[in-house]
Each structure stands twice: as C-alpha cells, then as structure tokens.
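Structure file upload-v2.cif (mmCIF, C-alpha atoms) is printed below.
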data_my_file
loop_
_atom_site.label_atom_id
_atom_site.label_comp_id
_atom_site.auth_asym_id
_atom_site.auth_seq_id
_atom_site.Cartn_x
_atom_site.Cartn_y
_atom_site.Cartn_z
CA MET A 793 -17.36 -39.57 -34.64
CA THR A 794 -17.10 -38.31 -31.09
CA PRO A 795 -18.67 -40.17 -28.14
CA SER A 796 -21.57 -37.72 -28.21
CA GLY A 797 -22.37 -38.46 -31.82
CA PHE A 798 -20.87 -35.35 -33.41
CA THR A 799 -18.46 -35.61 -36.30
CA VAL A 800 -15.28 -33.59 -36.01
CA LYS A 801 -16.47 -31.07 -38.62
CA ASP A 802 -19.64 -30.50 -36.59
CA ALA A 803 -17.72 -29.92 -33.37
CA PRO A 804 -18.62 -26.58 -31.77
CA ASN A 805 -16.04 -23.85 -32.04
CA VAL A 806 -15.24 -22.96 -28.42
CA ARG A 807 -12.47 -21.07 -26.66
CA ASN A 808 -10.21 -23.07 -24.39
CA PRO A 809 -8.41 -21.81 -21.29
CA VAL A 810 -4.66 -21.32 -21.66
CA GLY A 811 -2.49 -23.61 -19.58
CA GLN A 812 0.19 -21.02 -18.88
CA THR A 813 -2.34 -18.63 -17.37
CA ILE A 814 -3.51 -21.40 -15.07
CA ILE A 815 0.09 -22.09 -14.03
CA GLU A 816 0.57 -18.41 -13.24
CA SER A 817 -2.64 -18.49 -11.22
CA LEU A 818 -1.36 -21.46 -9.22
CA LYS A 819 1.83 -19.57 -8.43
CA ASN A 820 -0.15 -16.45 -7.52
CA ALA A 821 -2.17 -18.59 -5.12
CA GLY A 822 1.05 -19.62 -3.36
CA ILE A 823 1.17 -23.18 -4.69
CA ARG A 824 4.65 -24.68 -4.33
CA PHE A 825 4.01 -28.36 -4.97
CA VAL A 826 1.99 -30.01 -7.74
CA VAL A 827 1.12 -33.59 -6.85
CA ALA A 828 0.02 -35.33 -10.01
CA LEU A 829 -0.99 -38.39 -11.91
CA PRO A 830 -1.29 -37.76 -15.67
CA ASP A 831 -4.65 -36.82 -17.14
CA ILE A 832 -5.09 -36.43 -20.87
CA VAL A 833 -7.24 -33.28 -20.57
CA THR A 834 -4.50 -31.36 -18.74
CA SER A 835 -1.42 -33.21 -20.00
CA GLU A 836 -0.22 -30.86 -22.74
CA GLY A 837 -1.45 -27.59 -21.30
CA LEU A 838 -0.52 -28.10 -17.64
CA LEU A 839 1.43 -31.16 -16.60
CA TRP A 840 4.21 -31.05 -19.20
CA PRO A 841 4.83 -27.32 -18.67
CA ILE A 842 4.72 -27.79 -14.88
CA SER A 843 7.29 -30.58 -15.17
CA ARG A 844 9.69 -28.02 -16.70
CA ASP A 845 8.83 -25.14 -14.34
CA LYS A 846 11.58 -24.36 -11.84
CA GLN A 847 9.22 -22.57 -9.43
CA LEU A 848 6.96 -25.59 -8.88
CA ARG A 849 8.03 -28.96 -7.48
CA LEU A 850 6.26 -31.82 -9.21
CA ILE A 851 5.59 -34.95 -7.16
CA ARG A 852 4.59 -37.88 -9.35
CA ILE A 853 2.26 -40.33 -7.60
CA CYS A 854 1.12 -43.88 -8.36
CA ARG A 855 -2.48 -43.52 -7.25
CA GLU A 856 -4.47 -40.33 -6.78
CA GLU A 857 -5.53 -40.94 -3.17
CA GLU A 858 -1.87 -40.71 -2.15
CA GLY A 859 -2.07 -37.10 -3.24
CA VAL A 860 -4.94 -36.32 -0.89
CA SER A 861 -2.83 -37.31 2.10
CA ILE A 862 0.35 -35.67 0.78
CA CYS A 863 -1.40 -32.33 0.23
CA ALA A 864 -3.23 -32.48 3.57
CA ALA A 865 -0.04 -33.26 5.50
CA MET A 866 1.80 -30.40 3.82
CA SER A 867 -0.83 -27.95 5.03
CA TYR A 868 0.20 -28.26 8.70
CA ASN A 869 2.91 -25.65 8.19
CA ASP A 870 0.92 -23.79 5.54
CA THR A 871 2.75 -25.28 2.58
CA ARG A 872 0.37 -25.04 -0.35
CA ALA A 873 -0.02 -27.85 -2.89
CA ILE A 874 -2.48 -28.87 -5.58
CA LEU A 875 -3.50 -32.38 -6.62
CA LEU A 876 -3.77 -32.67 -10.42
CA MET A 877 -5.67 -35.68 -11.74
CA GLN A 878 -8.47 -37.02 -13.95
CA GLN A 879 -12.02 -37.49 -12.70
CA THR A 880 -11.44 -41.23 -12.52
CA GLY A 881 -8.71 -40.51 -9.98
CA LEU A 882 -11.06 -38.31 -8.01
CA MET A 883 -13.46 -41.25 -7.77
CA ALA A 884 -10.59 -43.45 -6.58
CA SER A 885 -9.79 -40.88 -3.87
CA LEU A 886 -13.20 -40.51 -2.27
CA ASN A 887 -12.43 -42.37 0.95
CA ALA A 888 -9.29 -40.33 1.59
CA LEU A 889 -11.24 -37.14 0.86
CA ARG A 890 -13.99 -38.31 3.19
CA ALA A 891 -11.50 -38.90 5.99
CA VAL A 892 -8.86 -36.18 5.84
CA GLY A 893 -10.70 -33.59 3.78
CA MET A 894 -14.17 -33.63 5.26
CA GLU A 895 -13.99 -35.36 8.65
CA TYR A 896 -10.63 -33.85 9.62
CA ARG A 897 -11.32 -30.60 7.73
CA LEU A 898 -7.91 -30.37 6.13
CA PRO A 899 -7.27 -28.33 2.98
CA VAL A 900 -6.93 -30.25 -0.28
CA ALA A 901 -6.89 -28.22 -3.50
CA MET A 902 -7.64 -30.33 -6.55
CA MET A 903 -7.61 -29.72 -10.29
CA VAL A 904 -9.52 -32.41 -12.10
CA GLY A 905 -9.65 -33.00 -15.84
CA LEU A 906 -13.07 -34.16 -17.03
CA GLN A 907 -11.96 -36.74 -19.56
CA GLY A 908 -14.73 -37.53 -22.02
CA LYS A 909 -16.73 -34.35 -21.47
CA GLU A 910 -18.04 -32.78 -24.65
CA VAL A 911 -16.69 -29.24 -25.01
CA HIS A 912 -20.11 -27.64 -25.57
CA LEU A 913 -22.09 -29.49 -22.88
CA SER A 914 -22.29 -29.03 -19.14
CA PRO A 915 -20.95 -32.01 -17.17
CA GLU A 916 -24.46 -33.14 -16.22
CA LYS A 917 -25.47 -33.35 -19.89
CA SER A 918 -22.45 -35.37 -20.94
CA ASN A 919 -22.93 -38.73 -22.57
CA SER A 920 -20.21 -40.01 -20.27
CA TYR A 921 -21.62 -41.49 -17.06
CA GLY A 922 -18.28 -40.88 -15.32
CA VAL A 923 -18.48 -37.17 -16.16
CA ARG A 924 -22.19 -36.78 -15.38
CA ILE A 925 -21.89 -37.99 -11.82
CA ILE A 926 -18.89 -35.90 -10.73
CA ARG A 927 -20.66 -32.77 -9.51
CA PRO A 928 -23.53 -34.69 -7.86
CA VAL A 929 -20.98 -36.86 -6.03
CA LEU A 930 -19.05 -33.79 -4.86
CA ASP A 931 -22.32 -32.16 -3.77
CA ALA A 932 -23.29 -35.28 -1.82
CA MET A 933 -19.98 -35.13 0.04
CA GLY A 934 -20.20 -31.38 0.61
CA ILE A 935 -17.04 -30.67 -1.38
CA PRO A 936 -17.09 -27.29 -3.15
CA HIS A 937 -16.27 -27.24 -6.85
CA THR A 938 -15.70 -24.76 -9.67
CA LEU A 939 -15.92 -25.44 -13.39
CA ILE A 940 -12.96 -24.09 -15.39
CA GLU A 941 -14.29 -24.08 -18.93
CA GLN A 942 -14.03 -20.65 -20.53
CA PRO A 943 -10.78 -18.64 -20.52
CA ASP A 944 -12.39 -16.14 -18.14
CA ASP A 945 -13.00 -18.94 -15.62
CA VAL A 946 -9.28 -18.96 -14.83
CA SER A 947 -9.81 -15.87 -12.67
CA GLN A 948 -11.66 -18.09 -10.18
CA ILE A 949 -8.60 -20.21 -9.41
CA VAL A 950 -6.79 -17.92 -6.96
CA PRO A 951 -9.88 -17.15 -4.84
CA ALA A 952 -10.82 -20.84 -4.80
CA ILE A 953 -7.39 -21.90 -3.57
CA ASP A 954 -7.32 -19.10 -0.99
CA ASP A 955 -10.69 -20.39 0.18
CA VAL A 956 -9.32 -23.93 0.51
CA TYR A 957 -6.70 -22.75 2.97
CA SER A 958 -8.73 -20.11 4.80
CA ARG A 959 -11.69 -22.46 5.41
CA SER A 960 -9.55 -25.61 5.60
CA LEU A 961 -11.62 -27.74 3.24
CA PRO A 962 -11.17 -29.52 -0.10
CA HIS A 963 -12.17 -27.84 -3.36
CA ALA A 964 -12.28 -29.37 -6.84
CA LEU A 965 -11.45 -27.19 -9.83
CA LEU A 966 -13.02 -29.11 -12.71
CA VAL A 967 -11.33 -28.59 -16.07
CA GLY A 968 -13.93 -29.19 -18.74
CA ARG A 969 -11.91 -28.56 -21.87
CA ALA A 970 -8.45 -29.43 -23.10
CA LEU A 971 -6.08 -26.57 -22.36
CA ASN A 972 -4.10 -24.65 -24.89
CA ALA A 973 -0.41 -24.93 -24.06
CA ALA A 974 0.26 -21.18 -24.39
CA MET B 426 10.66 -59.16 19.34
CA LYS B 427 7.96 -57.61 21.47
CA ARG B 428 6.56 -54.48 19.89
CA ASP B 429 6.71 -52.40 23.05
CA ARG B 430 10.39 -53.26 23.48
CA ALA B 431 11.09 -52.21 19.91
CA LEU B 432 9.31 -48.92 20.53
CA HIS B 433 11.30 -48.31 23.72
CA CYS B 434 14.43 -48.85 21.64
CA LEU B 435 13.28 -46.33 19.02
CA LYS B 436 12.31 -43.84 21.72
CA LYS B 437 15.99 -43.48 22.66
CA CYS B 438 16.81 -42.26 19.16
CA VAL B 439 13.88 -39.90 18.53
CA ASN B 440 14.88 -36.25 18.90
CA ALA B 441 12.59 -33.57 20.25
CA GLN B 442 12.18 -32.01 16.80
CA ASP B 443 11.41 -35.26 14.93
CA ILE B 444 7.96 -35.92 13.53
CA VAL B 445 6.63 -39.45 14.14
CA VAL B 446 3.75 -40.78 12.04
CA ALA B 447 2.41 -44.05 13.46
CA VAL B 448 -0.63 -46.23 12.85
CA TYR B 449 -3.00 -48.58 14.66
CA GLN B 450 -1.72 -50.63 17.61
CA THR B 451 1.81 -49.36 17.06
CA LEU B 452 0.43 -45.83 17.37
CA PHE B 453 -1.51 -46.57 20.54
CA ASP B 454 1.54 -48.22 22.12
CA TRP B 455 3.81 -45.34 20.99
CA MET B 456 1.41 -42.74 22.41
CA ALA B 457 1.74 -44.40 25.81
CA ILE B 458 5.48 -45.08 25.62
CA ASN B 459 6.51 -41.72 24.21
CA PRO B 460 3.74 -39.12 24.38
CA ARG B 461 4.88 -35.98 22.57
CA ASP B 462 3.24 -33.17 20.65
CA LEU B 463 5.07 -33.95 17.40
CA ASN B 464 3.46 -37.38 17.17
CA TYR B 465 1.23 -37.21 14.07
CA LEU B 466 -1.84 -39.23 14.99
CA SER B 467 -4.47 -38.56 12.33
CA THR B 468 -3.83 -40.41 9.08
CA GLY B 469 -7.51 -40.89 8.27
CA ALA B 470 -7.70 -43.62 5.66
CA MET B 471 -5.92 -46.93 6.28
CA GLY B 472 -2.65 -47.31 4.42
CA HIS B 473 -1.90 -43.63 4.16
CA ALA B 474 0.82 -43.20 6.80
CA SER B 475 3.53 -43.29 4.13
CA SER B 476 1.76 -40.60 2.08
CA HIS B 477 1.23 -38.33 5.10
CA GLY B 478 4.87 -38.93 6.00
CA LEU B 479 5.99 -37.94 2.53
CA GLY B 480 3.98 -34.73 2.63
CA LEU B 481 5.44 -33.86 6.03
CA ALA B 482 8.97 -34.69 4.93
CA LEU B 483 8.75 -32.51 1.82
CA ALA B 484 7.18 -29.59 3.65
CA ASN B 485 9.58 -29.83 6.60
CA PRO B 486 12.99 -30.65 5.10
CA ASP B 487 14.83 -29.58 8.27
CA ARG B 488 13.13 -32.20 10.40
CA ARG B 489 13.40 -35.99 10.38
CA VAL B 490 10.12 -37.77 9.69
CA LEU B 491 9.83 -41.30 11.10
CA ILE B 492 6.93 -43.40 9.83
CA PHE B 493 5.85 -46.36 11.97
CA ASP B 494 3.81 -48.26 9.39
CA GLY B 495 2.14 -51.67 9.56
CA ASP B 496 2.57 -54.51 7.07
CA GLY B 497 -1.15 -54.68 6.31
CA SER B 498 -1.33 -50.92 6.07
CA LEU B 499 1.60 -50.63 3.68
CA LEU B 500 0.18 -53.36 1.46
CA MET B 501 -2.81 -51.04 0.91
CA ASN B 502 -0.54 -48.31 -0.45
CA LEU B 503 2.47 -50.10 -1.93
CA GLY B 504 2.71 -47.61 -4.76
CA SER B 505 3.69 -44.99 -2.20
CA LEU B 506 7.09 -46.67 -2.02
CA ALA B 507 7.75 -45.71 -5.63
CA THR B 508 6.36 -42.24 -5.01
CA ILE B 509 8.63 -41.75 -2.00
CA ALA B 510 11.66 -43.10 -3.82
CA ASP B 511 11.01 -40.76 -6.75
CA ALA B 512 10.66 -37.72 -4.48
CA CYS B 513 13.69 -38.98 -2.50
CA PRO B 514 13.38 -37.01 0.76
CA GLU B 515 16.59 -37.48 2.72
CA ASN B 516 14.71 -36.90 5.98
CA LEU B 517 12.23 -39.79 5.62
CA PHE B 518 12.72 -42.98 7.64
CA HIS B 519 10.12 -45.66 7.01
CA PHE B 520 9.73 -48.36 9.68
CA VAL B 521 7.40 -51.26 8.96
CA PHE B 522 6.18 -53.26 11.94
CA VAL B 523 5.58 -56.72 10.56
CA ASN B 524 3.20 -58.91 12.54
CA GLY B 525 1.55 -60.75 9.64
CA VAL B 526 -1.99 -59.82 10.60
CA TYR B 527 -4.59 -57.07 10.50
CA GLU B 528 -4.33 -56.86 14.26
CA VAL B 529 -6.99 -54.31 15.17
CA ASN B 530 -9.48 -55.83 12.71
CA GLY B 531 -9.58 -59.29 14.25
CA SER B 532 -6.01 -60.48 13.62
CA HIS B 533 -6.79 -62.02 10.24
CA PRO B 534 -3.63 -62.86 8.26
CA ILE B 535 -2.43 -60.45 5.60
CA PRO B 536 -2.10 -61.79 2.04
CA ALA B 537 1.18 -63.58 1.39
CA ARG B 538 2.06 -63.53 5.06
CA ASP B 539 5.69 -64.59 5.61
CA LYS B 540 6.37 -64.11 1.91
CA VAL B 541 6.16 -60.36 1.30
CA ASP B 542 9.64 -58.85 1.46
CA PHE B 543 9.25 -55.12 2.10
CA CYS B 544 13.01 -54.57 2.17
CA ARG B 545 13.43 -55.89 -1.36
CA ILE B 546 10.36 -54.06 -2.61
CA ALA B 547 11.63 -50.78 -1.18
CA LEU B 548 15.06 -51.21 -2.72
CA GLY B 549 13.46 -52.21 -5.99
CA CYS B 550 11.46 -48.99 -5.94
CA GLY B 551 14.56 -46.90 -5.32
CA TYR B 552 14.85 -46.42 -1.55
CA ARG B 553 18.45 -45.72 -0.61
CA TYR B 554 18.72 -48.51 1.94
CA SER B 555 16.67 -51.14 3.75
CA GLN B 556 17.26 -53.59 6.57
CA ARG B 557 15.25 -56.19 8.47
CA PHE B 558 15.44 -56.86 12.19
CA GLU B 559 14.15 -59.93 13.98
CA THR B 560 15.81 -59.46 17.36
CA LEU B 561 15.82 -56.54 19.75
CA GLU B 562 19.57 -56.84 20.27
CA CYS B 563 20.31 -56.30 16.59
CA LEU B 564 17.90 -53.36 16.42
CA GLU B 565 19.51 -51.74 19.47
CA GLU B 566 22.96 -52.13 17.93
CA SER B 567 22.04 -50.61 14.60
CA ILE B 568 19.31 -48.04 15.08
CA ALA B 569 21.49 -44.97 15.70
CA GLY B 570 23.56 -45.71 12.61
CA LEU B 571 20.45 -46.21 10.50
CA LEU B 572 19.03 -42.85 11.50
CA ALA B 573 22.34 -41.18 10.63
CA ARG B 574 21.94 -42.28 6.99
CA ALA B 575 20.32 -40.21 4.27
CA GLY B 576 16.80 -41.32 3.53
CA PRO B 577 14.59 -42.58 2.26
CA ILE B 578 15.33 -45.82 4.05
CA LEU B 579 13.01 -48.66 5.05
CA VAL B 580 13.45 -50.71 8.21
CA GLU B 581 11.42 -53.87 8.64
CA ILE B 582 10.89 -54.92 12.26
CA LYS B 583 9.39 -58.32 12.91
CA VAL B 584 7.20 -58.02 16.00
CA GLU B 585 4.72 -59.81 18.19
CA PRO B 586 2.42 -58.06 20.65
CA GLY B 587 4.05 -57.04 23.90
CA LYS B 588 2.49 -54.90 26.55
CA MET B 589 -0.67 -53.52 24.91
CA PHE B 590 -2.00 -50.02 25.49
CA PRO B 591 -5.61 -48.80 25.11
CA ARG B 592 -6.97 -47.99 21.67
CA ASN B 593 -8.21 -44.43 21.96
CA TYR B 594 -9.67 -43.90 18.50
CA ASP B 595 -11.69 -40.87 19.55
CA TYR B 596 -8.55 -39.00 20.47
CA ILE B 597 -6.43 -39.82 17.43
CA HIS B 598 -9.23 -38.64 15.13
CA SER B 599 -9.97 -35.52 17.18
CA ALA B 600 -9.50 -31.91 16.15
CA LYS B 601 -7.62 -31.43 19.42
CA ALA B 602 -4.96 -33.97 18.41
CA ARG B 603 -4.41 -32.23 15.09
CA GLN B 604 -4.27 -28.79 16.69
CA ILE B 605 -1.68 -29.91 19.23
CA PHE B 606 0.51 -31.24 16.40
CA ARG B 607 0.03 -28.09 14.31
CA THR B 608 0.95 -25.82 17.21
CA ALA B 609 4.03 -27.85 18.06
CA LEU B 610 5.16 -27.94 14.43
CA ASN B 611 4.91 -24.21 14.01
CA SER B 612 6.27 -23.16 17.38
CA SER B 613 9.31 -25.38 17.83
CA PRO B 614 12.15 -24.52 15.48
CA PRO B 615 13.82 -27.51 13.81
CA THR B 616 17.44 -28.13 14.70
#
Since I need it in another form, could you write the structure as structure tokens?
Amino acid sequence: MTPSGFTVKDAPNVRNPVGQTIIESLKNAGIRFVVALPDIVTSEGLLWPISRDKQLRLIRICREEEGVSICAAMSYNDTRAILLMQQTGLMASLNALRAVGMEYRLPVAMMVGLQGKEVHLSPEKSNSYGVRIIRPVLDAMGIPHTLIEQPDDVSQIVPAIDDVYSRSLPHALLVGRALNAA
Amino acid sequence: MKRDRALHCLKKCVNAQDIVVAVYQTLFDWMAINPRDLNYLSTGAMGHASSHGLGLALANPDRRVLIFDGDGSLLMNLGSLATIADACPENLFHFVFVNGVYEVNGSHPIPARDKVDFCRIALGCGYRYSQRFETLECLEESIAGLLARAGPILVEIKVEPGKMFPRNYDYIHSAKARQIFRTALNSSPPT
C-alpha cells in the first residue's frame, strides 16, 4: 500500500523523465558544480551518475543551507552551480534563501526532489503535508518554481537556469517523479 | 590578544588579490583597519561565512580566500568543516576569532565556552592543518608561514575586544557593497 492508499498494482502508469537528459540539460545551461545532499527521488537517476561525470564537480554538503551560500558565492564571477536536494532540505534552507537569494538578489538554482509525492497527483493534492506546502511556501517567498514531472518538462531546465543568472534570483526545479537512470 | 591588534597583524599578510570573508564585529573592525574592495561583506545568514568562503575558493582557485569567522558563528554551521575538508580547496584559510560570546547579540556565552576545540574538530574533519594562538607575538611569528601552506587550514585566535569600530549593518547588507566586490573580483586579475 502506498501512502496515498493505492496498492502497487493500482499505481498509475506514468512516464518518468530520464536522468541523463537532465544532466545534459544542466551542462547545456553552463552548470559546472553540483552541490548536493542525497535525495531518494533523484539518487539513482541524477546524483549517482553526476558523481561519476567528469564534466561536473560534485560538492557533497552536510546540510542543504550550506549549498545556498556556496552557490550564491560562486555566482560573483559567473560560475554556475546547482543545489540538488530533497524538499525537506529546501525547508531547512529557507532563512539562507530569504537572506542571500531574495534580500541580496543572488542567483541560486535548485533542483528539489519531492519525496513522498504520488506520481499521478499534483503537489497540492498530495497526501504528504511536506509536499503539499512546497509551492505555496515558495510563492509566499516570491521564489519562482517549475515542476519537472513529464519527460517533456526537461526542456524547461535550460531556460529556467538562464533566468536564474540573468535575473539574479533563486529558482526551484521541483522533481515530482523518480528519474529513470538512462 | 586584542582583536584589533590581531587584525593589524593579519593585514600585513593579506595580498591585494586575496578575498577576505569576515563576520560581525571582526568584519566591522576589519573594514576600518583594512578597507579594500575584495572584502566580502554580505554573508546574509549567521554562520554562513565558511560556506560563502568555500564557494569563493572553488570558483576562484587562483586567489587565496581568508575567512574571518566567529566561534558562535561557526558553531551554527559546524558541518561546513566536513564539507570544506571534503572539497579540499588549497586556497582556503579559515581563521576563527574565539571570544566565547555572541558579542553583537548581547555578549551571551556560547555553548561549551572554553571547551570547544575548533582545531581538533577541523583536523578530525580532514583539514590539512590547524593551530591555536593566544598571544599576538606567537601569531606575528607564525602567520606568514601559515599562509604559505596548502589549505584548507584552520587558525584559532583567542581574542578580547580591542579598539571597537562602528557597526554599519546597512552598508554590509547593501547592493552597493556587493557590486563593489563583484567589480573588483572581475576586474583585477589574480596573481
């Protein structure tokens, strides 16, 4: 039984984004550093492949809010980075995002796995309180966000990251489904 | 030792191309003692100097990054020591000004005051070297040699307030301060 009350055999048949296409999108957006704390939604499809990728430097952090400051500081000479984490880590990072992202207007690109979100439901309809509140919290802070759910959604990654650096603001790319590794 | 004397000592060893990330009263004193465009003033959330310093060190490998942290500040972000050690930037030099109190918030004592050993914690996390200084004379003798080492290293400096300089919070959080740093970073070539 899943948290939403579905049995595995009743689970909707959905298409998942492919991790390798997301990694290519990150590179196409000029990302050089991935600053990360493991998240089960993106672990197999993104973080493990990134850890083996010679074109990306992986910085492992102990707490997600460190990553907000690391990414923001890197931006001063236009070095692009992305903070990869779970939505629980996003919640733990809100004060740093408030300070350096919103009050200082520094660019912080984030990719956030929505752990506990049902694959066929929008985040606001999730049975998980922690998932339901994510977009309203981001809206309250004025932080733009994009849901990466269908394979076609991956095309939004490069423009979103370009927007982060051209407007100098944070942006959360919310990954709503586990990623296929390849 | 008096904090302002320690900062005057460090001033002699800071090169024009170095980035200095400082916090709270140490920052305000440093701004007065050594005003320079490559002072990084805006760390936003308390405890994040080490994380900003790491980002700067990784993105600017041809420059030295000196972090002037506080003991209370570092306690808020102790995990960053493991993060820094894992990333292992040779150009990162982490100074911790130990006064035992949250000075700008009413001088309340930090937890485990006089017990926390940042040098041992840093080495335990994987920093290449650490050393503690309690007298100005010892710091003056050793500082040039310390900065010639490969980082990351941590230097603990036991201080008490010396000559105090004004706390200009509006300026350190201003867009102007960040723009001055950005311009200096991108216009002055590292040595």
**Request:** At a cut-off of 8 Å, list the chain B residues touching chain A, using all atoms listed in the file, as a PyMOL selection string.
**Result:** chain B and resi 468-470+473+476-481+483-484+502+504-505+507-508+511-512+598-600+607+610-611
**Request:** For segment 934-951 of chain A, list every protein, DNA or RNA residue within 8 Å, evaluated using all atoms listed in the file, and leave out those in the same chain fewer than 4 positions away; present the list as an NGL selection string.
**Result:** :A and (807-810 or 813-814 or 817-818 or 820-821 or 894 or 927 or 930 or 955 or 961-969)
Which residues are close to Gln450 of chain B, i.e. within 8 Å by all atoms listed in the file, leaving aside same-chain residues fewer than 5 positions away? Reply as an mmCIF file with C-alpha atoms, keeping the file's coordinate frame.
data_model
loop_
_atom_site.group_PDB
_atom_site.id
_atom_site.type_symbol
_atom_site.label_atom_id
_atom_site.label_comp_id
_atom_site.auth_asym_id
_atom_site.auth_seq_id
_atom_site.Cartn_x
_atom_site.Cartn_y
_atom_site.Cartn_z
ATOM 1 C CA GLU B 528 -4.330 -56.860 14.260
ATOM 2 C CA VAL B 529 -6.990 -54.310 15.170
ATOM 3 C CA MET B 589 -0.670 -53.520 24.910
ATOM 4 C CA PHE B 590 -2.000 -50.020 25.490
ATOM 5 C CA ARG B 592 -6.970 -47.990 21.670
#
**Message:** Take the PyMOL selection byres ((chain A and resi 837) around 10), run it mentally on this structure, and tell me the resulting residues as a ChimeraX atom specification.
**Reply:** /A:809-815,832-836,838-842,970-974
**Message:** So that I can check the surroundings of Arg545 of chain B, please list as a list in words every protein, DNA and RNA residue that reaches within 12 Å of it, counting only C-alpha atoms and ignoring chain neighbours fewer than 3 positions away.
**Reply:**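 Residues near the query, excluding close chain neighbours: Leu506, Lys540, Val541, Asp542, Leu548, Gly549, Cys550, Gly551, Tyr552, Arg553, Tyr554, Ser555, Gln556, Arg557, Ile578, Leu579, Val580 and Glu581 of chain B.
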**Request:** Quick one: pull the distance between atom CA of Ala575 of chain B and atom CA of Phe520 of chain B, Å, one decimal.
**Result:** 14.4 Å
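Interatomic distance, atom CA of Glu910 of chain A against atom CA of Thr880 of chain A: 16.2 Å.
Here, the PyMOL selection byres ((chain A and resi 920) around 10) matches Pro795, Ser796, Leu906, Gln907, Gly908, Lys909, Glu910, Pro915, Glu916, Lys917, Ser918, Asn919, Tyr921, Gly922, Val923, Arg924 and Ile925 of chain A.
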**Sel. within 10 Å of pt (10.1, -31.4, 17.5), counting only C-alpha atoms, output as a ChimeraX atom specification** = /B:439-445,461-464,488-489,606,609-616
**Request:** Please evaluate the PyMOL selection byres ((chain B and resi 437) around 12) against the displayed coordinates and give the resulting residues as JSON, numbers by chain.
**Result:** {"B": [430, 431, 432, 433, 434, 435, 436, 438, 439, 440, 441, 458, 459, 564, 565, 568, 569, 572]}
**Message:** Report, in Å to a single decimal, how far apart atom CA of Ala884 of chain A and atom CA of His519 of chain B are.
**Reply:**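 About the pair atom CA of His519 of chain B and atom CA of Ala884 of chain A: they are 24.9 Å apart.
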**Item:** Distance query Phe522 of chain B at most 10 Å, only C-alpha atoms, self and fewer than 4 positions along chain excluded, as a VMD selection string
**Value:** chain B and resid 428 431 448 451 493 to 499 558 580 to 585
**Message:** Which residue is closest to Ala474 of chain B? Choose from B:Val446, B:Leu491, B:Ala457, B:Ala510 and count all atoms listed in the file.
**Reply:**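 Among the listed residues, B:Val446 lies closest to Ala474 of chain B.
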**Request:** Please tell me which residues are no farther than 7 Å from (13.6, -38.8, 2.6) in the file, counting only C-alpha atoms, and write them as an NGL selection string.
**Result:** :B and (482 or 513-518 or 576-577)
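Between Ala547 of chain B and the residues B:Arg574, B:Gly525, B:Asp454, B:Leu503, the shortest atom-to-atom distance, using only C-alpha atoms, involves B:Leu503.
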